[in-house]
>>> print(open('start-v6.pdb').read())   # PDB, C-alpha atoms
ATOM      1  CA  MET T   9     -15.922  -4.877 -10.994
ATOM      2  CA  TRP T  10     -13.977  -2.369 -13.034
ATOM      3  CA  CYS T  11     -10.398  -2.227 -14.343
ATOM      4  CA  TYR T  12      -8.509   1.067 -14.590
ATOM      5  CA  ASP T  13      -5.930   1.515 -17.374
ATOM      6  CA  LEU T  14      -3.499   4.187 -16.206
ATOM      7  CA  ASN T  15      -1.971   4.646 -19.687
ATOM      8  CA  SER T  16      -5.243   5.519 -21.441
ATOM      9  CA  ASP T  17      -7.022   6.849 -18.313
ATOM     10  CA  THR T  18     -10.058   4.676 -19.052
ATOM     11  CA  TRP T  19     -12.248   2.179 -17.186
ATOM     12  CA  THR T  20     -13.386  -1.243 -18.443
ATOM     13  CA  GLN T  21     -16.033  -3.380 -16.772
ATOM     14  CA  LYS T  22     -14.966  -6.916 -15.820
ATOM     15  CA  ALA T  23     -16.731 -10.052 -14.581
ATOM     16  CA  PRO T  24     -18.685  -9.297 -11.377
ATOM     17  CA  ILE T  25     -17.809 -11.129  -8.175
ATOM     18  CA  PRO T  26     -20.495 -13.819  -7.656
ATOM     19  CA  ILE T  27     -21.612 -12.471  -4.241
ATOM     20  CA  ALA T  28     -21.859  -8.701  -3.767
ATOM     21  CA  ARG T  29     -20.350  -7.194  -0.618
ATOM     22  CA  ARG T  30     -18.998  -4.092   1.103
ATOM     23  CA  LEU T  31     -16.058  -3.591   3.485
ATOM     24  CA  ALA T  32     -14.298  -6.747   2.277
ATOM     25  CA  GLY T  33     -10.588  -7.614   2.461
ATOM     26  CA  ALA T  34      -8.435  -8.064  -0.648
ATOM     27  CA  PHE T  35      -4.884  -9.019  -1.622
ATOM     28  CA  ALA T  36      -2.917 -10.212  -4.672
ATOM     29  CA  ILE T  37      -0.565 -13.195  -5.059
ATOM     30  CA  ASN T  38       1.273 -14.222  -8.238
ATOM     31  CA  GLY T  39      -0.931 -12.178 -10.545
ATOM     32  CA  MET T  40      -4.207 -13.350  -9.005
ATOM     33  CA  GLY T  41      -6.598 -11.180  -7.015
ATOM     34  CA  TYR T  42      -8.342 -12.450  -3.867
ATOM     35  CA  VAL T  43     -11.409 -11.046  -2.105
ATOM     36  CA  THR T  44     -12.739 -12.320   1.225
ATOM     37  CA  CYS T  45     -15.201 -11.470   3.999
ATOM     38  CA  GLY T  46     -17.386  -8.353   3.928
ATOM     39  CA  ALA T  47     -21.091  -7.736   4.419
ATOM     40  CA  ASN T  48     -23.964  -8.433   2.037
ATOM     41  CA  GLY T  49     -26.812  -6.488   3.607
ATOM     42  CA  SER T  50     -27.062  -7.872   7.154
ATOM     43  CA  THR T  51     -25.295 -11.126   6.199
ATOM     44  CA  TYR T  52     -21.625 -11.325   7.114
ATOM     45  CA  LEU T  53     -19.319 -13.339   4.884
ATOM     46  CA  LYS T  54     -16.149 -15.423   5.196
ATOM     47  CA  ASP T  55     -15.934 -16.854   1.684
ATOM     48  CA  LEU T  56     -12.808 -16.427  -0.466
ATOM     49  CA  TRP T  57     -12.827 -15.750  -4.201
ATOM     50  CA  GLN T  58      -9.899 -15.734  -6.630
ATOM     51  CA  TYR T  59      -9.942 -13.497  -9.709
ATOM     52  CA  ASP T  60      -7.942 -14.476 -12.820
ATOM     53  CA  PRO T  61      -7.318 -11.330 -14.925
ATOM     54  CA  VAL T  62      -6.290 -13.345 -17.987
ATOM     55  CA  LEU T  63      -9.503 -15.410 -18.063
ATOM     56  CA  ASN T  64     -11.607 -12.610 -16.525
ATOM     57  CA  SER T  65     -13.231 -15.137 -14.219
ATOM     58  CA  TRP T  66     -13.780 -15.862 -10.519
ATOM     59  CA  SER T  67     -13.341 -19.183  -8.705
ATOM     60  CA  GLN T  68     -14.274 -19.956  -5.109
ATOM     61  CA  LYS T  69     -11.535 -21.077  -2.710
ATOM     62  CA  ALA T  70     -11.439 -22.397   0.861
ATOM     63  CA  GLN T  71     -13.391 -20.162   3.230
ATOM     64  CA  LEU T  72     -11.867 -18.425   6.236
ATOM     65  CA  PRO T  73     -12.070 -20.772   9.269
ATOM     66  CA  GLY T  74     -12.939 -18.038  11.794
ATOM     67  CA  TRP T  75     -15.997 -15.832  12.244
ATOM     68  CA  ALA T  76     -17.696 -14.268   9.239
ATOM     69  CA  ARG T  77     -16.860 -10.566   9.358
ATOM     70  CA  TYR T  78     -16.597  -7.206   7.649
ATOM     71  CA  GLY T  79     -13.895  -4.532   7.816
ATOM     72  CA  PRO T  80     -10.853  -6.844   8.247
ATOM     73  CA  TYR T  81      -7.275  -6.054   7.295
ATOM     74  CA  ALA T  82      -5.794  -8.020   4.398
ATOM     75  CA  PHE T  83      -2.371  -8.057   2.731
ATOM     76  CA  ALA T  84      -0.050 -10.531   0.995
ATOM     77  CA  ILE T  85       3.622 -11.142   1.811
ATOM     78  CA  GLY T  86       5.934 -14.013   0.951
ATOM     79  CA  GLY T  87       3.409 -15.712  -1.323
ATOM     80  CA  SER T  88       0.760 -15.939   1.416
ATOM     81  CA  GLY T  89      -2.312 -13.885   2.242
ATOM     82  CA  TYR T  90      -2.981 -12.548   5.736
ATOM     83  CA  VAL T  91      -6.453 -11.599   6.994
ATOM     84  CA  GLY T  92      -7.362 -10.479  10.504
ATOM     85  CA  THR T  93      -9.525  -8.412  12.851
ATOM     86  CA  GLY T  94     -12.937  -7.179  11.686
ATOM     87  CA  ASN T  95     -16.467  -6.882  13.030
ATOM     88  CA  ARG T  96     -19.059  -9.656  13.362
ATOM     89  CA  GLY T  97     -21.890  -7.507  14.694
ATOM     90  CA  SER T  98     -23.239  -3.964  14.688
ATOM     91  CA  ALA T  99     -21.139  -0.788  14.625
ATOM     92  CA  SER T 100     -20.399  -1.408  18.320
ATOM     93  CA  GLY T 101     -19.219  -4.976  17.762
ATOM     94  CA  PRO T 102     -18.322  -7.519  18.769
ATOM     95  CA  MET T 103     -14.942  -6.735  17.175
ATOM     96  CA  LEU T 104     -12.434  -9.481  16.382
ATOM     97  CA  SER T 105      -8.696  -9.766  17.025
ATOM     98  CA  ASP T 106      -7.859 -13.122  15.399
ATOM     99  CA  ALA T 107      -5.587 -13.485  12.345
ATOM    100  CA  TRP T 108      -5.313 -16.080   9.578
ATOM    101  CA  LYS T 109      -2.809 -17.026   6.883
ATOM    102  CA  TYR T 110      -3.868 -18.323   3.459
ATOM    103  CA  ASP T 111      -1.670 -20.637   1.345
ATOM    104  CA  PRO T 112      -2.763 -20.484  -2.327
ATOM    105  CA  VAL T 113      -0.730 -23.592  -3.233
ATOM    106  CA  SER T 114      -2.554 -25.899  -0.791
ATOM    107  CA  ASN T 115      -5.727 -23.735  -0.773
ATOM    108  CA  SER T 116      -5.756 -23.846   3.017
ATOM    109  CA  TRP T 117      -5.825 -21.540   6.055
ATOM    110  CA  SER T 118      -3.852 -21.622   9.300
ATOM    111  CA  ALA T 119      -3.868 -19.416  12.397
ATOM    112  CA  ALA T 120      -1.457 -16.457  12.352
ATOM    113  CA  PRO T 121      -0.159 -14.152  15.130
ATOM    114  CA  ALA T 122      -2.701 -11.503  16.113
ATOM    115  CA  ILE T 123      -2.014  -7.804  16.707
ATOM    116  CA  PRO T 124      -1.094  -7.600  20.425
ATOM    117  CA  ASP T 125      -3.734  -4.973  21.211
ATOM    118  CA  GLN T 126      -7.503  -4.497  21.234
ATOM    119  CA  ALA T 127      -9.795  -6.031  18.660
ATOM    120  CA  ARG T 128     -10.748  -3.621  15.869
ATOM    121  CA  PHE T 129     -12.340  -3.173  12.458
ATOM    122  CA  GLY T 130     -12.213  -0.632   9.636
ATOM    123  CA  THR T 131      -8.423  -0.673   9.401
ATOM    124  CA  SER T 132      -6.361   0.009   6.294
ATOM    125  CA  SER T 133      -3.565  -2.348   5.311
ATOM    126  CA  PHE T 134      -0.834  -2.750   2.713
ATOM    127  CA  GLU T 135       2.547  -4.377   2.041
ATOM    128  CA  MET T 136       5.924  -2.711   1.552
ATOM    129  CA  ASN T 137       9.285  -4.451   1.100
ATOM    130  CA  GLY T 138       8.027  -7.772   2.463
ATOM    131  CA  ILE T 139       6.421  -6.292   5.597
ATOM    132  CA  GLY T 140       2.667  -6.011   6.216
ATOM    133  CA  TYR T 141       1.216  -2.841   7.775
ATOM    134  CA  VAL T 142      -2.128  -2.230   9.511
ATOM    135  CA  PHE T 143      -3.339   1.258  10.396
ATOM    136  CA  GLY T 144      -6.172   2.725  12.438
ATOM    137  CA  GLY T 145      -9.699   1.451  12.848
ATOM    138  CA  LYS T 146     -12.353   1.423  15.558
ATOM    139  CA  GLU T 147     -11.388  -0.660  18.581
ATOM    140  CA  SER T 148     -13.483  -2.797  20.906
ATOM    141  CA  ASN T 149     -13.602   0.079  23.424
ATOM    142  CA  LEU T 150     -15.401   2.038  20.636
ATOM    143  CA  ALA T 151     -12.515   4.512  20.347
ATOM    144  CA  PHE T 152     -10.794   5.247  17.038
ATOM    145  CA  THR T 153      -7.073   4.481  17.105
ATOM    146  CA  PRO T 154      -4.060   6.249  15.511
ATOM    147  CA  ASP T 155      -1.881   3.135  15.837
ATOM    148  CA  LEU T 156       0.322   1.816  13.037
ATOM    149  CA  TRP T 157       1.452  -1.821  13.355
ATOM    150  CA  SER T 158       3.748  -3.872  11.113
ATOM    151  CA  PHE T 159       4.039  -7.642  10.766
ATOM    152  CA  ASP T 160       7.329  -9.355   9.866
ATOM    153  CA  PRO T 161       6.740 -12.847   8.421
ATOM    154  CA  THR T 162      10.312 -13.885   9.258
ATOM    155  CA  SER T 163      10.092 -13.192  12.990
ATOM    156  CA  GLN T 164       6.301 -13.734  13.054
ATOM    157  CA  GLY T 165       6.082 -10.646  15.251
ATOM    158  CA  TRP T 166       4.201  -7.342  15.329
ATOM    159  CA  THR T 167       5.850  -3.941  15.907
ATOM    160  CA  LEU T 168       4.140  -0.702  16.978
ATOM    161  CA  HIS T 169       5.413   2.409  15.147
ATOM    162  CA  ALA T 170       5.289   6.155  15.728
ATOM    163  CA  PRO T 171       1.646   7.191  16.246
ATOM    164  CA  PHE T 172      -0.268   8.869  13.453
ATOM    165  CA  PRO T 173      -0.254  12.674  14.046
ATOM    166  CA  GLY T 174      -3.707  13.274  12.582
ATOM    167  CA  SER T 175      -7.103  12.549  14.137
ATOM    168  CA  PRO T 176      -7.742   8.834  14.859
ATOM    169  CA  ARG T 177      -9.999   7.318  12.185
ATOM    170  CA  SER T 178     -11.264   4.245  10.371
ATOM    171  CA  SER T 179     -11.457   3.196   6.712
ATOM    172  CA  PRO T 180      -8.880   5.637   5.289
ATOM    173  CA  MET T 181      -7.164   5.222   1.934
ATOM    174  CA  ALA T 182      -3.640   3.774   2.133
ATOM    175  CA  PHE T 183      -1.006   3.155  -0.540
ATOM    176  CA  VAL T 184       2.733   2.993  -1.141
ATOM    177  CA  HIS T 185       4.251   6.060  -2.811
ATOM    178  CA  TYR T 186       7.973   5.845  -3.629
ATOM    179  CA  ASN T 187       9.772   4.703  -0.453
ATOM    180  CA  THR T 188       7.032   5.986   1.874
ATOM    181  CA  PHE T 189       3.416   5.081   2.378
ATOM    182  CA  VAL T 190       0.435   7.374   2.506
ATOM    183  CA  ILE T 191      -2.588   7.435   4.825
ATOM    184  CA  GLY T 192      -5.404   9.788   3.900
ATOM    185  CA  CYS T 193      -9.047  10.606   4.509
ATOM    186  CA  GLY T 194     -11.282   8.230   6.500
ATOM    187  CA  ARG T 195     -13.848   9.044   9.215
ATOM    188  CA  ASN T 196     -14.796   8.906  12.850
ATOM    189  CA  ASP T 197     -18.371   8.697  14.170
ATOM    190  CA  SER T 198     -19.309  12.218  13.139
ATOM    191  CA  GLN T 199     -17.119  13.523  10.302
ATOM    192  CA  ASN T 200     -15.117  12.751   7.193
ATOM    193  CA  PHE T 201     -11.420  13.616   7.074
ATOM    194  CA  TYR T 202      -9.556  14.887   4.014
ATOM    195  CA  ASP T 203      -6.042  15.341   5.432
ATOM    196  CA  VAL T 204      -3.225  13.153   4.070
ATOM    197  CA  TRP T 205       0.007  12.011   5.754
ATOM    198  CA  GLN T 206       3.176  10.245   4.587
ATOM    199  CA  TYR T 207       5.103   7.796   6.766
ATOM    200  CA  ASP T 208       8.800   7.014   6.272
ATOM    201  CA  PRO T 209       9.402   3.459   7.556
ATOM    202  CA  TYR T 210      13.167   3.961   7.653
ATOM    203  CA  LEU T 211      13.038   7.071   9.849
ATOM    204  CA  ASN T 212       9.793   6.121  11.681
ATOM    205  CA  THR T 213       8.462   9.660  11.090
ATOM    206  CA  TRP T 214       5.322  11.267   9.649
ATOM    207  CA  MET T 215       4.965  14.386   7.506
ATOM    208  CA  GLN T 216       1.832  16.025   6.118
ATOM    209  CA  ALA T 217       1.069  15.701   2.398
ATOM    210  CA  PRO T 218      -1.321  17.751   0.219
ATOM    211  CA  THR T 219      -4.966  17.579   1.310
ATOM    212  CA  TYR T 220      -7.122  15.193  -0.718
ATOM    213  CA  PRO T 221      -9.120  17.308  -3.237
ATOM    214  CA  GLY T 222     -11.864  14.751  -3.929
ATOM    215  CA  GLU T 223     -15.461  14.641  -2.788
ATOM    216  CA  SER T 224     -15.533  11.566  -0.591
ATOM    217  CA  SER T 225     -13.237  10.036   1.966
ATOM    218  CA  LEU T 226     -14.935   7.083   3.667
ATOM    219  CA  ALA T 227     -13.913   3.609   2.473
ATOM    220  CA  GLY T 228     -12.393   4.928  -0.733
ATOM    221  CA  THR T 229     -10.296   2.754  -3.006
ATOM    222  CA  SER T 230      -6.533   3.214  -3.294
ATOM    223  CA  PHE T 231      -3.726   1.475  -5.162
ATOM    224  CA  SER T 232      -0.212   1.896  -6.539
ATOM    225  CA  ILE T 233       1.171   0.792  -9.894
ATOM    226  CA  HIS T 234       4.959   1.128 -10.046
ATOM    227  CA  TYR T 235       5.612   4.670  -8.826
ATOM    228  CA  ARG T 236       2.091   6.050  -9.526
ATOM    229  CA  ALA T 237      -0.514   6.144  -6.733
ATOM    230  CA  PHE T 238      -4.291   6.650  -6.928
ATOM    231  CA  GLY T 239      -7.204   7.156  -4.558
ATOM    232  CA  GLY T 240     -10.871   7.968  -4.823
ATOM    233  CA  LEU T 241     -14.448   6.728  -5.003
ATOM    234  CA  GLY T 242     -15.917   6.005  -1.567
ATOM    235  CA  TRP T 243     -18.667   7.597   0.495
ATOM    236  CA  ARG T 244     -19.418  11.129   1.624
ATOM    237  CA  LEU T 245     -20.770  11.270   5.161
ATOM    238  CA  ASP T 246     -22.512  14.674   5.101
ATOM    239  CA  ASP T 247     -25.052  13.749   2.402
ATOM    240  CA  ASN T 248     -24.742   9.926   2.477
ATOM    241  CA  THR T 249     -23.808   9.559  -1.181
ATOM    242  CA  SER T 250     -21.196   7.481  -2.972
ATOM    243  CA  ARG T 251     -18.873   9.306  -5.319
ATOM    244  CA  PRO T 252     -17.151   8.310  -8.630
ATOM    245  CA  ASP T 253     -14.085  10.579  -8.724
ATOM    246  CA  LEU T 254     -10.507   9.208  -8.860
ATOM    247  CA  TRP T 255      -7.337  11.212  -8.168
ATOM    248  CA  GLU T 256      -3.612  10.639  -8.595
ATOM    249  CA  LEU T 257      -1.085  11.855  -6.024
ATOM    250  CA  ALA T 258       1.267  14.018  -8.072
ATOM    251  CA  LYS T 259       4.706  12.685  -8.889
ATOM    252  CA  PRO T 260       7.446  14.463  -6.869
ATOM    253  CA  ASP T 261       9.499  17.132  -8.601
ATOM    254  CA  ASN T 262      12.459  15.461 -10.271
ATOM    255  CA  SER T 263      14.377  18.719 -10.759
ATOM    256  CA  GLY T 264      18.015  18.487  -9.791
ATOM    257  CA  ILE T 265      18.441  14.831 -10.710
ATOM    258  CA  SER T 266      19.467  15.122 -14.332
ATOM    259  CA  ASP T 267      22.427  13.237 -15.724
ATOM    260  CA  LEU T 268      25.833  14.806 -15.174
ATOM    261  CA  ASP T 269      25.905  16.193 -18.721
ATOM    262  CA  GLY T 270      22.710  18.143 -17.989
ATOM    263  CA  THR T 271      20.310  15.993 -20.026
ATOM    264  CA  LYS T 272      17.322  14.077 -18.751
ATOM    265  CA  SER T 273      17.339  10.296 -18.972
ATOM    266  CA  SER T 274      14.909   7.459 -18.343
ATOM    267  CA  LEU T 275      16.378   6.862 -14.856
ATOM    268  CA  HIS T 276      15.100   8.871 -11.888
ATOM    269  CA  ILE T 277      16.073   9.050  -8.216
ATOM    270  CA  TYR T 278      13.856  10.207  -5.354
ATOM    271  CA  PRO T 279      14.405  11.926  -2.975
ATOM    272  CA  VAL T 280      17.489  14.033  -3.690
ATOM    273  CA  PRO T 281      19.075  15.009  -1.351
ATOM    274  CA  ALA T 282      18.544  11.802   0.604
ATOM    275  CA  SER T 283      19.018  11.013   4.294
ATOM    276  CA  ASN T 284      21.614   8.489   5.483
ATOM    277  CA  GLY T 285      18.954   7.160   7.840
ATOM    278  CA  GLY T 286      16.456   6.547   5.068
ATOM    279  CA  ALA T 287      16.255   5.209   1.536
ATOM    280  CA  VAL T 288      16.050   6.298  -2.072
ATOM    281  CA  THR T 289      13.949   4.937  -4.896
ATOM    282  CA  ILE T 290      15.488   4.372  -8.338
ATOM    283  CA  GLN T 291      12.999   4.059 -11.165
ATOM    284  CA  THR T 292      13.254   3.589 -14.904
ATOM    285  CA  GLU T 293      10.671   4.379 -17.551
ATOM    286  CA  SER T 294      11.679   1.444 -19.742
ATOM    287  CA  SER T 295      11.131  -2.281 -19.243
ATOM    288  CA  ASP T 296      14.802  -3.142 -19.834
ATOM    289  CA  LEU T 297      16.896  -4.883 -17.213
ATOM    290  CA  VAL T 298      19.099  -2.208 -15.615
ATOM    291  CA  HIS T 299      22.503  -2.845 -14.052
ATOM    292  CA  ALA T 300      23.430  -0.100 -11.575
ATOM    293  CA  GLN T 301      26.164   0.474  -9.036
ATOM    294  CA  LEU T 302      26.768   2.987  -6.248
ATOM    295  CA  VAL T 303      30.267   4.510  -6.437
ATOM    296  CA  ASN T 304      31.926   7.003  -4.090
ATOM    297  CA  MET T 305      33.930   9.967  -5.346
ATOM    298  CA  GLN T 306      37.167   7.980  -5.041
ATOM    299  CA  GLY T 307      35.822   5.466  -7.571
ATOM    300  CA  ALA T 308      35.199   2.618  -5.102
ATOM    301  CA  GLN T 309      32.094   0.514  -5.749
ATOM    302  CA  LEU T 310      29.882   0.252  -2.655
ATOM    303  CA  MET T 311      26.813  -1.592  -3.993
ATOM    304  CA  GLN T 312      25.467  -3.019  -7.227
ATOM    305  CA  TRP T 313      22.047  -4.222  -8.377
ATOM    306  CA  ASP T 314      20.105  -5.565 -11.337
ATOM    307  CA  PHE T 315      16.450  -4.525 -11.502
ATOM    308  CA  ARG T 316      13.477  -3.649 -13.684
ATOM    309  CA  ASN T 317      11.057  -0.725 -13.251
ATOM    310  CA  GLU T 318      12.114   0.381  -9.756
ATOM    311  CA  MET T 319      13.895  -0.554  -6.544
ATOM    312  CA  GLN T 320      14.650   0.919  -3.108
ATOM    313  CA  ILE T 321      18.178   1.411  -1.726
ATOM    314  CA  ASP T 322      18.657   1.309   2.042
ATOM    315  CA  LEU T 323      21.002   4.164   3.022
ATOM    316  CA  ARG T 324      21.354   3.393   6.720
ATOM    317  CA  ASN T 325      24.979   2.286   6.253
ATOM    318  CA  ILE T 326      25.928   4.995   3.745
ATOM    319  CA  PRO T 327      27.729   8.041   5.270
ATOM    320  CA  ALA T 328      26.750  11.568   4.307
ATOM    321  CA  GLY T 329      28.442  12.769   1.124
ATOM    322  CA  SER T 330      28.256  12.784  -2.668
ATOM    323  CA  TYR T 331      28.054   9.593  -4.752
ATOM    324  CA  LEU T 332      27.448   8.438  -8.305
ATOM    325  CA  ILE T 333      24.896   5.890  -9.428
ATOM    326  CA  SER T 334      26.315   4.505 -12.682
ATOM    327  CA  TRP T 335      23.867   2.510 -14.751
ATOM    328  CA  GLN T 336      23.448   0.802 -18.089
ATOM    329  CA  CYS T 337      20.782  -1.141 -19.949
ATOM    330  CA  ALA T 338      20.274  -2.378 -23.502
ATOM    331  CA  ARG T 339      19.488   1.036 -24.948
ATOM    332  CA  SER T 340      21.189   3.640 -22.761
ATOM    333  CA  THR T 341      23.767   4.337 -20.085
ATOM    334  CA  GLY T 342      24.555   7.185 -17.716
ATOM    335  CA  ASN T 343      25.561   8.499 -14.293
ATOM    336  CA  LYS T 344      23.329  10.100 -11.687
ATOM    337  CA  LEU T 345      24.501  12.270  -8.794
ATOM    338  CA  LEU T 346      23.248  11.154  -5.363
ATOM    339  CA  ILE T 347      23.692  13.478  -2.383
ATOM    340  CA  VAL T 348      23.303  11.925   1.055
ATOM    341  CA  GLN T 349      22.968  14.240   4.053
TER
END
>>> encode(input="start-v6.pdb", output="structure tokens")
Amino acid sequence: MWCYDLNSDTWTQKAPIPIARRLAGAFAINGMGYVTCGANGSTYLKDLWQYDPVLNSWSQKAQLPGWARYGPYAFAIGGSGYVGTGNRGSASGPMLSDAWKYDPVSNSWSAAPAIPDQARFGTSSFEMNGIGYVFGGKESNLAFTPDLWSFDPTSQGWTLHAPFPGSPRSSPMAFVHYNTFVIGCGRNDSQNFYDVWQYDPYLNTWMQAPTYPGESSLAGTSFSIHYRAFGGLGWRLDDNTSRPDLWELAKPDNSGISDLDGTKSSLHIYPVPASNGGAVTIQTESSDLVHAQLVNMQGAQLMQWDFRNEMQIDLRNIPAGSYLISWQCARSTGNKLLIVQ
């Protein structure tokens, strides 16, 4: 296992997981990493391991109660881990449709609601704003699916979203980038894909992003740290080789969002202009606690927040127009112009 330091752009080797595997599921809860399932050669796994980054050590936890499998989805929301679907056989199955919830406090599993559709494996999954998302994969009918599903832990229900506009695929990279999430690369039975798409969960719409410039696209790794997003590694189908390259999706252009006096500050807003059916992300480059408020041009306060690093603002109830985001922290203060259209 390796740790990437985004500040120094360097890699450091860490303690290896006790049992090697591929196509596992992984999630993080309260600063701990968890890895489960996967395949070790022709042996399918259902063990669960917890990684402590402070101690740089692994400890085994309660194993998944269902079938051993590879290619499941996995995400964490509300302090619990969710693992489901996968494959317990060859490339043609049998695929699985069951779902399980892990409680790290009691170190126990319980059944969770399954995706109300065909069994599948090779999905990509992630969490955004307390909702879990599962995309794509190869279904039990052996077709690749463009479906995007979300799971709400409050209602315990699944929702089907606007279909992916690209070719159906399995094992793509997936990560959160500002107030959207990104699906890119992946494969079907005969080819790798390098196209990349962004989904806006507020508008339920897709738009194409820059094509992935790396060498591989199958089962690559992907992750976000604050507002920076990375993808790479993985497998190249045409010559059956694994690749070591890592790429960062470029930060959006922040032009036009300077402070009202024309100077840049440590607070940024994206996107500007914004849509009153969507959301904006506010981010700060410092670790200070920031107090911010949304004010209309008549001086009336509409919202206020305290946050660190970044937060999303839901604009569905904000009419089109011009607004100010006034903010202050221990070392600076300022006003940002927000245009909603």
>>> residues_around(input="start-v6.pdb", residues="T:Ser330", least_positions_apart="5", cutoff="9 Å", atoms="all atoms listed in the file", output="count of residues only")
7
>>> residues_around(input="start-v6.pdb", residues="T:Asp111", least_positions_apart="2", cutoff="10 Å", atoms="all atoms listed in the file", output="ChimeraX atom specification")
/T:37,70,87-90,109,113-118
>>> axis_aligned_box(input="start-v6.pdb", around="stretch 315-328 of chain T", padding_each_side="6 Å", output="JSON")
{"center_x": 19.4, "center_y": 3.5, "center_z": -3.5, "size_x": 28.7, "size_y": 28.1, "size_z": 32.4}
>>> atom_distance(input="start-v6.pdb", atom1="atom CA of T:Leu302", atom2="atom CA of T:Tyr278")
14.8 Å
>>> residues_around(input="start-v6.pdb", residues="stretch 291-300 of chain T", least_positions_apart="3", cutoff="12 Å", atoms="all atoms listed in the file", output="MDAnalysis selection string")
chainID T and resid 186:187 234:236 262 272:279 288 303 309:321 332:344
>>> write_last_selection(input="start-v6.pdb", atoms="C-alpha atoms", output="PDB file, in the frame of the given file")
ATOM      1  CA  TYR T 186       7.973   5.845  -3.629  1.00  0.00           C
ATOM      2  CA  ASN T 187       9.772   4.703  -0.453  1.00  0.00           C
ATOM      3  CA  HIS T 234       4.959   1.128 -10.046  1.00  0.00           C
ATOM      4  CA  TYR T 235       5.612   4.670  -8.826  1.00  0.00           C
ATOM      5  CA  ARG T 236       2.091   6.050  -9.526  1.00  0.00           C
ATOM      6  CA  ASN T 262      12.459  15.461 -10.271  1.00  0.00           C
ATOM      7  CA  LYS T 272      17.322  14.077 -18.751  1.00  0.00           C
ATOM      8  CA  SER T 273      17.339  10.296 -18.972  1.00  0.00           C
ATOM      9  CA  SER T 274      14.909   7.459 -18.343  1.00  0.00           C
ATOM     10  CA  LEU T 275      16.378   6.862 -14.856  1.00  0.00           C
ATOM     11  CA  HIS T 276      15.100   8.871 -11.888  1.00  0.00           C
ATOM     12  CA  ILE T 277      16.073   9.050  -8.216  1.00  0.00           C
ATOM     13  CA  TYR T 278      13.856  10.207  -5.354  1.00  0.00           C
ATOM     14  CA  PRO T 279      14.405  11.926  -2.975  1.00  0.00           C
ATOM     15  CA  VAL T 288      16.050   6.298  -2.072  1.00  0.00           C
ATOM     16  CA  VAL T 303      30.267   4.510  -6.437  1.00  0.00           C
ATOM     17  CA  GLN T 309      32.094   0.514  -5.749  1.00  0.00           C
ATOM     18  CA  LEU T 310      29.882   0.252  -2.655  1.00  0.00           C
ATOM     19  CA  MET T 311      26.813  -1.592  -3.993  1.00  0.00           C
ATOM     20  CA  GLN T 312      25.467  -3.019  -7.227  1.00  0.00           C
ATOM     21  CA  TRP T 313      22.047  -4.222  -8.377  1.00  0.00           C
ATOM     22  CA  ASP T 314      20.105  -5.565 -11.337  1.00  0.00           C
ATOM     23  CA  PHE T 315      16.450  -4.525 -11.502  1.00  0.00           C
ATOM     24  CA  ARG T 316      13.477  -3.649 -13.684  1.00  0.00           C
ATOM     25  CA  ASN T 317      11.057  -0.725 -13.251  1.00  0.00           C
ATOM     26  CA  GLU T 318      12.114   0.381  -9.756  1.00  0.00           C
ATOM     27  CA  MET T 319      13.895  -0.554  -6.544  1.00  0.00           C
ATOM     28  CA  GLN T 320      14.650   0.919  -3.108  1.00  0.00           C
ATOM     29  CA  ILE T 321      18.178   1.411  -1.726  1.00  0.00           C
ATOM     30  CA  LEU T 332      27.448   8.438  -8.305  1.00  0.00           C
ATOM     31  CA  ILE T 333      24.896   5.890  -9.428  1.00  0.00           C
ATOM     32  CA  SER T 334      26.315   4.505 -12.682  1.00  0.00           C
ATOM     33  CA  TRP T 335      23.867   2.510 -14.751  1.00  0.00           C
ATOM     34  CA  GLN T 336      23.448   0.802 -18.089  1.00  0.00           C
ATOM     35  CA  CYS T 337      20.782  -1.141 -19.949  1.00  0.00           C
ATOM     36  CA  ALA T 338      20.274  -2.378 -23.502  1.00  0.00           C
ATOM     37  CA  ARG T 339      19.488   1.036 -24.948  1.00  0.00           C
ATOM     38  CA  SER T 340      21.189   3.640 -22.761  1.00  0.00           C
ATOM     39  CA  THR T 341      23.767   4.337 -20.085  1.00  0.00           C
ATOM     40  CA  GLY T 342      24.555   7.185 -17.716  1.00  0.00           C
ATOM     41  CA  ASN T 343      25.561   8.499 -14.293  1.00  0.00           C
ATOM     42  CA  LYS T 344      23.329  10.100 -11.687  1.00  0.00           C
TER      43      LYS T 344
END
>>> closest_residue(input="start-v6.pdb", among="T:Gly138, T:Pro121, T:Pro26, T:Gly307", to="T:Gln68", atoms="all atoms listed in the file")
T:Pro26
>>> residues_around(input="start-v6.pdb", residues="stretch 45-57 of chain T", least_positions_apart="5", cutoff="12 Å", atoms="only C-alpha atoms", output="MDAnalysis selection string")
chainID T and resid 24:36 40 65:82 89 91:99 108 110 112 115:117 129:130
>>> resolve_selection(input="start-v6.pdb", expression="the PyMOL selection byres ((chain T and resi 191-204) around 6)", output="ChimeraX atom specification")
/T:177-182,190,205,217,219-220,225-226
>>> atom_distance(input="start-v6.pdb", atom1="atom CA of T:Gly285", atom2="atom CA of T:Gly174")
23.9 Å
>>> atom_distance(input="start-v6.pdb", atom1="atom CA of T:Gln301", atom2="atom CA of T:Gly329")
16.1 Å
>>> resolve_selection(input="start-v6.pdb", expression="the PyMOL selection byres ((chain T and resi 137) around 12)", output="list in words")
Ala84, Ile85, Gly86, Phe134, Glu135, Met136, Gly138, Ile139, Gly140, Tyr141, Ser158, Phe159, Asp160, Pro161, Val184, Tyr186, Asn187, Thr188, Phe189, Pro209, Tyr210, Ala287, Met319, Gln320, Ile321 and Asp322 of chain T
>>> residues_around(input="start-v6.pdb", residues="T:Ala127", least_positions_apart="4", cutoff="9 Å", atoms="all atoms listed in the file", output="PyMOL selection string")
chain T and resi 93-95+102-106+123+146-149
